[in-house]
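Notes for the one structure printed next.
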Amino acid sequence: GYQTGTQLRTIHSLNTSPPSHLWGDKYTKKIHSRIKNYQTCGIKNKYVDKMIEFVLENLDLIRVRPMSQNHGDFHSGNIIITPELEAVLIDFNRIKIADPLYEFNRIYFSHRISPAFAKGQIDSYFQNNIPEGFFKLLKFYIFSVNIANIPWAQQFSQTDIDFAINGNKETYAQDENQESDIPKWYN
């Protein structure tokens, strides 16, 4: 995890731009599209409803954000461990310019496998100096992506739908009833 956090920080140092409203405007439209897709998919889920509520109440978090090169699909499934025990990022087909912290939206794949690995990614990325507000923004991005999980899964099988529904429950449970925005798996 620590190696990949350092690699991600290097990727984000490429093609950087100062904070602007461009990302906020673009991503807010995407969020509203995800909400519409969820609302018309025919499956209701109380956890997704709560995630939508949180996301809509916190859109100001992304109003003005920096942008940089992003891997685009950064999670534990896109990492190969070499025989020398070095972590190598793969699958760059979704590379894009976006808020660098948006990249952490798929960390729920990693923390389900290894909370220590996911924690190492964050600690390394920030060189053990996590900025104030990061975890609230992380929660925002994870929730905003999870809103789309059920409609996305419907194009596959009931097993995938069940996985999405369970994943939403697990994701929400990481932040439920906490005084802090720091997810349970990080601690």
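By convention in this document, the chains of the structure tokens carry letters A, B, ... by their order, each chain's residues are numbered from 1, and ligands are numbered from 1 in the order they are shown.
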Exercise. Looking only at the backbone, which of the residues in chain A does DSSP tag as helix (DSSP H, G or I), as a count of residues only?
Worked result: 107
For this session: Within 12 Å of Ser33 of chain A, counting only C-alpha atoms, which residues show up once you throw out same-chain ones fewer than 6 positions away? Write them as a PyMOL selection string, please.
Result: chain A and resi 26-27+39-40+52+144-145+147-148+151
Using only all heavy atoms, please write the residues we just selected to a file, as a compact mmCIF listing (two decimals), in the first residue's frame.
```
# COMPACT_ATOMS: atom_id res chain seq x y z
N LYS A 26 -18.13 19.90 -13.64
CA LYS A 26 -18.20 18.64 -14.38
C LYS A 26 -18.68 17.49 -13.50
O LYS A 26 -19.56 16.72 -13.87
CB LYS A 26 -16.81 18.32 -14.96
CG LYS A 26 -16.74 17.02 -15.72
CD LYS A 26 -15.32 16.78 -16.24
CE LYS A 26 -15.22 15.45 -16.94
NZ LYS A 26 -13.86 15.20 -17.44
N TYR A 27 -18.12 17.37 -12.31
CA TYR A 27 -18.45 16.24 -11.46
C TYR A 27 -19.85 16.36 -10.85
O TYR A 27 -20.53 15.37 -10.65
CB TYR A 27 -17.39 16.03 -10.37
CG TYR A 27 -17.50 14.66 -9.76
CD1 TYR A 27 -17.31 13.51 -10.53
CD2 TYR A 27 -17.85 14.49 -8.43
CE1 TYR A 27 -17.44 12.25 -9.99
CE2 TYR A 27 -17.98 13.23 -7.87
CZ TYR A 27 -17.77 12.11 -8.66
OH TYR A 27 -17.92 10.86 -8.13
N GLN A 39 -32.41 6.48 -9.23
CA GLN A 39 -33.84 6.69 -8.95
C GLN A 39 -34.75 6.02 -9.97
O GLN A 39 -35.90 5.73 -9.66
CB GLN A 39 -34.14 8.19 -8.87
CG GLN A 39 -33.52 8.83 -7.65
CD GLN A 39 -33.63 10.34 -7.63
OE1 GLN A 39 -33.73 10.99 -8.67
NE2 GLN A 39 -33.61 10.91 -6.44
N THR A 40 -34.25 5.75 -11.16
CA THR A 40 -35.07 5.11 -12.19
C THR A 40 -34.74 3.64 -12.41
O THR A 40 -35.30 3.00 -13.30
CB THR A 40 -34.93 5.87 -13.53
OG1 THR A 40 -33.56 5.85 -13.94
CG2 THR A 40 -35.43 7.30 -13.41
N ILE A 52 -26.84 9.58 -1.00
CA ILE A 52 -27.27 10.70 -1.84
C ILE A 52 -27.48 11.94 -0.99
O ILE A 52 -27.04 13.05 -1.35
CB ILE A 52 -28.56 10.34 -2.62
CG1 ILE A 52 -28.24 9.30 -3.70
CG2 ILE A 52 -29.20 11.59 -3.23
CD1 ILE A 52 -29.48 8.72 -4.38
N SER A 144 -20.35 9.08 -3.64
CA SER A 144 -20.82 9.50 -4.96
C SER A 144 -20.62 8.40 -6.01
O SER A 144 -21.43 8.28 -6.93
CB SER A 144 -20.12 10.79 -5.40
OG SER A 144 -18.75 10.59 -5.69
N VAL A 145 -19.60 7.60 -5.86
CA VAL A 145 -19.38 6.47 -6.78
C VAL A 145 -20.35 5.33 -6.46
O VAL A 145 -20.90 4.70 -7.36
CB VAL A 145 -17.90 5.99 -6.70
CG1 VAL A 145 -17.72 4.68 -7.42
CG2 VAL A 145 -16.99 7.05 -7.30
N ILE A 147 -23.32 5.44 -5.42
CA ILE A 147 -24.66 5.73 -5.90
C ILE A 147 -24.92 5.02 -7.23
O ILE A 147 -26.04 4.58 -7.50
CB ILE A 147 -24.87 7.26 -6.06
CG1 ILE A 147 -24.87 7.94 -4.69
CG2 ILE A 147 -26.14 7.58 -6.84
CD1 ILE A 147 -24.74 9.46 -4.75
N ALA A 148 -23.90 4.85 -8.02
CA ALA A 148 -24.04 4.26 -9.36
C ALA A 148 -23.93 2.74 -9.36
O ALA A 148 -24.16 2.10 -10.39
CB ALA A 148 -22.98 4.84 -10.28
N PRO A 151 -27.39 0.51 -10.44
CA PRO A 151 -27.71 0.58 -11.87
C PRO A 151 -26.62 -0.05 -12.75
O PRO A 151 -26.92 -0.71 -13.74
CB PRO A 151 -27.84 2.08 -12.14
CG PRO A 151 -28.18 2.68 -10.83
CD PRO A 151 -27.47 1.83 -9.80
```
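These are the residues of chain A assigned strand (DSSP E) by DSSP from backbone coordinates: Ser17, Pro18, Pro19, Ser20, Arg65, Pro66, Met67, Ser68, Gln69, Asn70, Ile79, Ile80, Ile81, Ala87, Val88, Leu89, Lys96, Ile97 and Ala98 of chain A.
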Restricting the output to C-alpha atoms, write the selected residues as a PDB file, in the first residue's frame.
```pdb
ATOM      1  CA  SER A  17      -3.389  22.876 -12.583  1.00  0.00           C
ATOM      2  CA  PRO A  18      -4.397  25.317  -9.861  1.00  0.00           C
ATOM      3  CA  PRO A  19      -7.748  24.987  -8.104  1.00  0.00           C
ATOM      4  CA  SER A  20     -10.714  25.971 -10.251  1.00  0.00           C
ATOM      5  CA  ARG A  65     -10.630  21.755  -6.638  1.00  0.00           C
ATOM      6  CA  PRO A  66      -7.195  21.324  -8.224  1.00  0.00           C
ATOM      7  CA  MET A  67      -6.856  18.997 -11.182  1.00  0.00           C
ATOM      8  CA  SER A  68      -4.060  16.683 -12.241  1.00  0.00           C
ATOM      9  CA  GLN A  69      -3.284  13.540 -14.181  1.00  0.00           C
ATOM     10  CA  ASN A  70      -5.208  10.578 -12.708  1.00  0.00           C
ATOM     11  CA  ILE A  79      -1.679  -3.670  -8.905  1.00  0.00           C
ATOM     12  CA  ILE A  80       0.790  -6.445  -9.637  1.00  0.00           C
ATOM     13  CA  ILE A  81       3.345  -7.547  -7.060  1.00  0.00           C
ATOM     14  CA  ALA A  87       4.066  -3.002  -6.455  1.00  0.00           C
ATOM     15  CA  VAL A  88       3.419  -2.045 -10.074  1.00  0.00           C
ATOM     16  CA  LEU A  89       0.321  -0.163 -11.229  1.00  0.00           C
ATOM     17  CA  LYS A  96      -7.802  11.374 -17.195  1.00  0.00           C
ATOM     18  CA  ILE A  97      -7.430  14.838 -15.744  1.00  0.00           C
ATOM     19  CA  ALA A  98      -9.435  15.162 -12.509  1.00  0.00           C
TER      20      ALA A  98
END
```
For this session: Could you jot down the atom CA of Asp91 of chain A to atom CA of Asn78 of chain A separation for me, Å, one decimal place?
Result: 6.1 Å
Seminar exercise, completed: For Glu53 of chain A, the closest of A:Asp181, A:Ile150, A:Ser76, A:His32 counting only C-alpha atoms is A:His32
Problem set entry | Neighbour list for Gly72 of chain A as a ChimeraX atom specification, cut-off 10 Å, only C-alpha atoms, skip fewer than 4 positions in-chain | /A:91-98,100,102-106
Dump as an mmCIF file, in the first residue's frame, selection limited to N, CA and C atoms:
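File result08.cif, as written:
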```cif
data_model
loop_
_atom_site.group_PDB
_atom_site.id
_atom_site.type_symbol
_atom_site.label_atom_id
_atom_site.label_comp_id
_atom_site.auth_asym_id
_atom_site.auth_seq_id
_atom_site.Cartn_x
_atom_site.Cartn_y
_atom_site.Cartn_z
ATOM 1 N N ASP A 91 -3.192 -1.129 -15.928
ATOM 2 C CA ASP A 91 -4.524 -0.765 -16.399
ATOM 3 C C ASP A 91 -4.721 0.748 -16.425
ATOM 4 N N PHE A 92 -4.022 1.386 -17.319
ATOM 5 C CA PHE A 92 -4.099 2.837 -17.458
ATOM 6 C C PHE A 92 -5.096 3.269 -18.541
ATOM 7 N N ASN A 93 -6.051 2.429 -18.884
ATOM 8 C CA ASN A 93 -6.969 2.779 -19.971
ATOM 9 C C ASN A 93 -8.026 3.800 -19.572
ATOM 10 N N ARG A 94 -8.094 4.192 -18.309
ATOM 11 C CA ARG A 94 -9.062 5.213 -17.862
ATOM 12 C C ARG A 94 -8.362 6.490 -17.399
ATOM 13 N N ILE A 95 -7.149 6.690 -17.857
ATOM 14 C CA ILE A 95 -6.371 7.851 -17.453
ATOM 15 C C ILE A 95 -7.117 9.129 -17.838
ATOM 16 N N LYS A 96 -7.077 10.128 -16.945
ATOM 17 C CA LYS A 96 -7.802 11.374 -17.195
ATOM 18 C C LYS A 96 -7.263 12.483 -16.307
ATOM 19 N N ILE A 97 -7.727 13.685 -16.580
ATOM 20 C CA ILE A 97 -7.430 14.838 -15.744
ATOM 21 C C ILE A 97 -8.628 15.024 -14.807
ATOM 22 N N ALA A 98 -8.367 15.049 -13.503
ATOM 23 C CA ALA A 98 -9.435 15.162 -12.509
ATOM 24 C C ALA A 98 -8.828 15.633 -11.187
ATOM 25 N N PRO A 100 -7.147 15.215 -7.965
ATOM 26 C CA PRO A 100 -6.291 14.094 -7.566
ATOM 27 C C PRO A 100 -6.895 13.241 -6.441
ATOM 28 N N TYR A 102 -9.971 12.510 -6.028
ATOM 29 C CA TYR A 102 -11.035 11.669 -6.591
ATOM 30 C C TYR A 102 -10.509 10.251 -6.819
ATOM 31 N N GLU A 103 -9.233 10.157 -7.036
ATOM 32 C CA GLU A 103 -8.585 8.871 -7.307
ATOM 33 C C GLU A 103 -8.815 7.852 -6.188
ATOM 34 N N PHE A 104 -9.052 8.323 -4.980
ATOM 35 C CA PHE A 104 -9.251 7.427 -3.844
ATOM 36 C C PHE A 104 -10.672 6.866 -3.777
ATOM 37 N N ASN A 105 -11.524 7.181 -4.735
ATOM 38 C CA ASN A 105 -12.929 6.755 -4.672
ATOM 39 C C ASN A 105 -13.108 5.245 -4.703
ATOM 40 N N ARG A 106 -12.134 4.517 -5.167
ATOM 41 C CA ARG A 106 -12.243 3.061 -5.239
ATOM 42 C C ARG A 106 -11.477 2.366 -4.104
#
```
Would you write out, as JSON lines, a table of all residues in segment 4-64 of chain A that have an atom no more than 10 Å from an atom of segment 136-143 of chain A, listing for each the closest atom pair and the distance in Å to one decimal, considering only C-alpha atoms and ordering rows by chain and rising residue number?
```
{"residue": "A:Ile31", "atom": "CA", "partner": "A:Tyr141", "partner_atom": "CA", "distance": 9.9}
{"residue": "A:Tyr47", "atom": "CA", "partner": "A:Phe143", "partner_atom": "CA", "distance": 9.6}
{"residue": "A:Val48", "atom": "CA", "partner": "A:Phe143", "partner_atom": "CA", "distance": 8.0}
{"residue": "A:Lys50", "atom": "CA", "partner": "A:Phe143", "partner_atom": "CA", "distance": 9.1}
{"residue": "A:Met51", "atom": "CA", "partner": "A:Phe143", "partner_atom": "CA", "distance": 5.4}
{"residue": "A:Ile52", "atom": "CA", "partner": "A:Phe143", "partner_atom": "CA", "distance": 7.4}
{"residue": "A:Glu53", "atom": "CA", "partner": "A:Phe143", "partner_atom": "CA", "distance": 9.8}
{"residue": "A:Phe54", "atom": "CA", "partner": "A:Phe140", "partner_atom": "CA", "distance": 7.4}
{"residue": "A:Val55", "atom": "CA", "partner": "A:Phe140", "partner_atom": "CA", "distance": 5.8}
{"residue": "A:Leu56", "atom": "CA", "partner": "A:Phe140", "partner_atom": "CA", "distance": 9.3}
{"residue": "A:Glu57", "atom": "CA", "partner": "A:Phe140", "partner_atom": "CA", "distance": 9.8}
{"residue": "A:Asn58", "atom": "CA", "partner": "A:Phe140", "partner_atom": "CA", "distance": 7.4}
{"residue": "A:Leu59", "atom": "CA", "partner": "A:Phe140", "partner_atom": "CA", "distance": 8.5}
{"residue": "A:Leu61", "atom": "CA", "partner": "A:Leu137", "partner_atom": "CA", "distance": 6.6}
{"residue": "A:Ile62", "atom": "CA", "partner": "A:Leu137", "partner_atom": "CA", "distance": 8.1}
```
Exercise. Taking only C-alpha atoms into account, which of A:Tyr186, A:Trp23, A:Phe163, A:Tyr38 comes nearest Asp123 of chain A?
Worked result: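 Smallest distance to Asp123 of chain A is found for A:Tyr186.
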For this session: Please indicate the distance in Å from atom CA of Lys119 of chain A to atom CA of Arg9 of chain A, rounded to one decimal place.
Result: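 Calculated distance between atom CA of Lys119 of chain A and atom CA of Arg9 of chain A is 14.7 Å.
Nearest to Phe74 of chain A of all the residues A:Thr4, A:Tyr172, A:Phe135, A:Asn45 is A:Thr4, based on only C-alpha atoms.
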Problem set entry | d(atom CA of Gly77 of chain A, atom CA of Asn149 of chain A) in Å | 17.2 Å
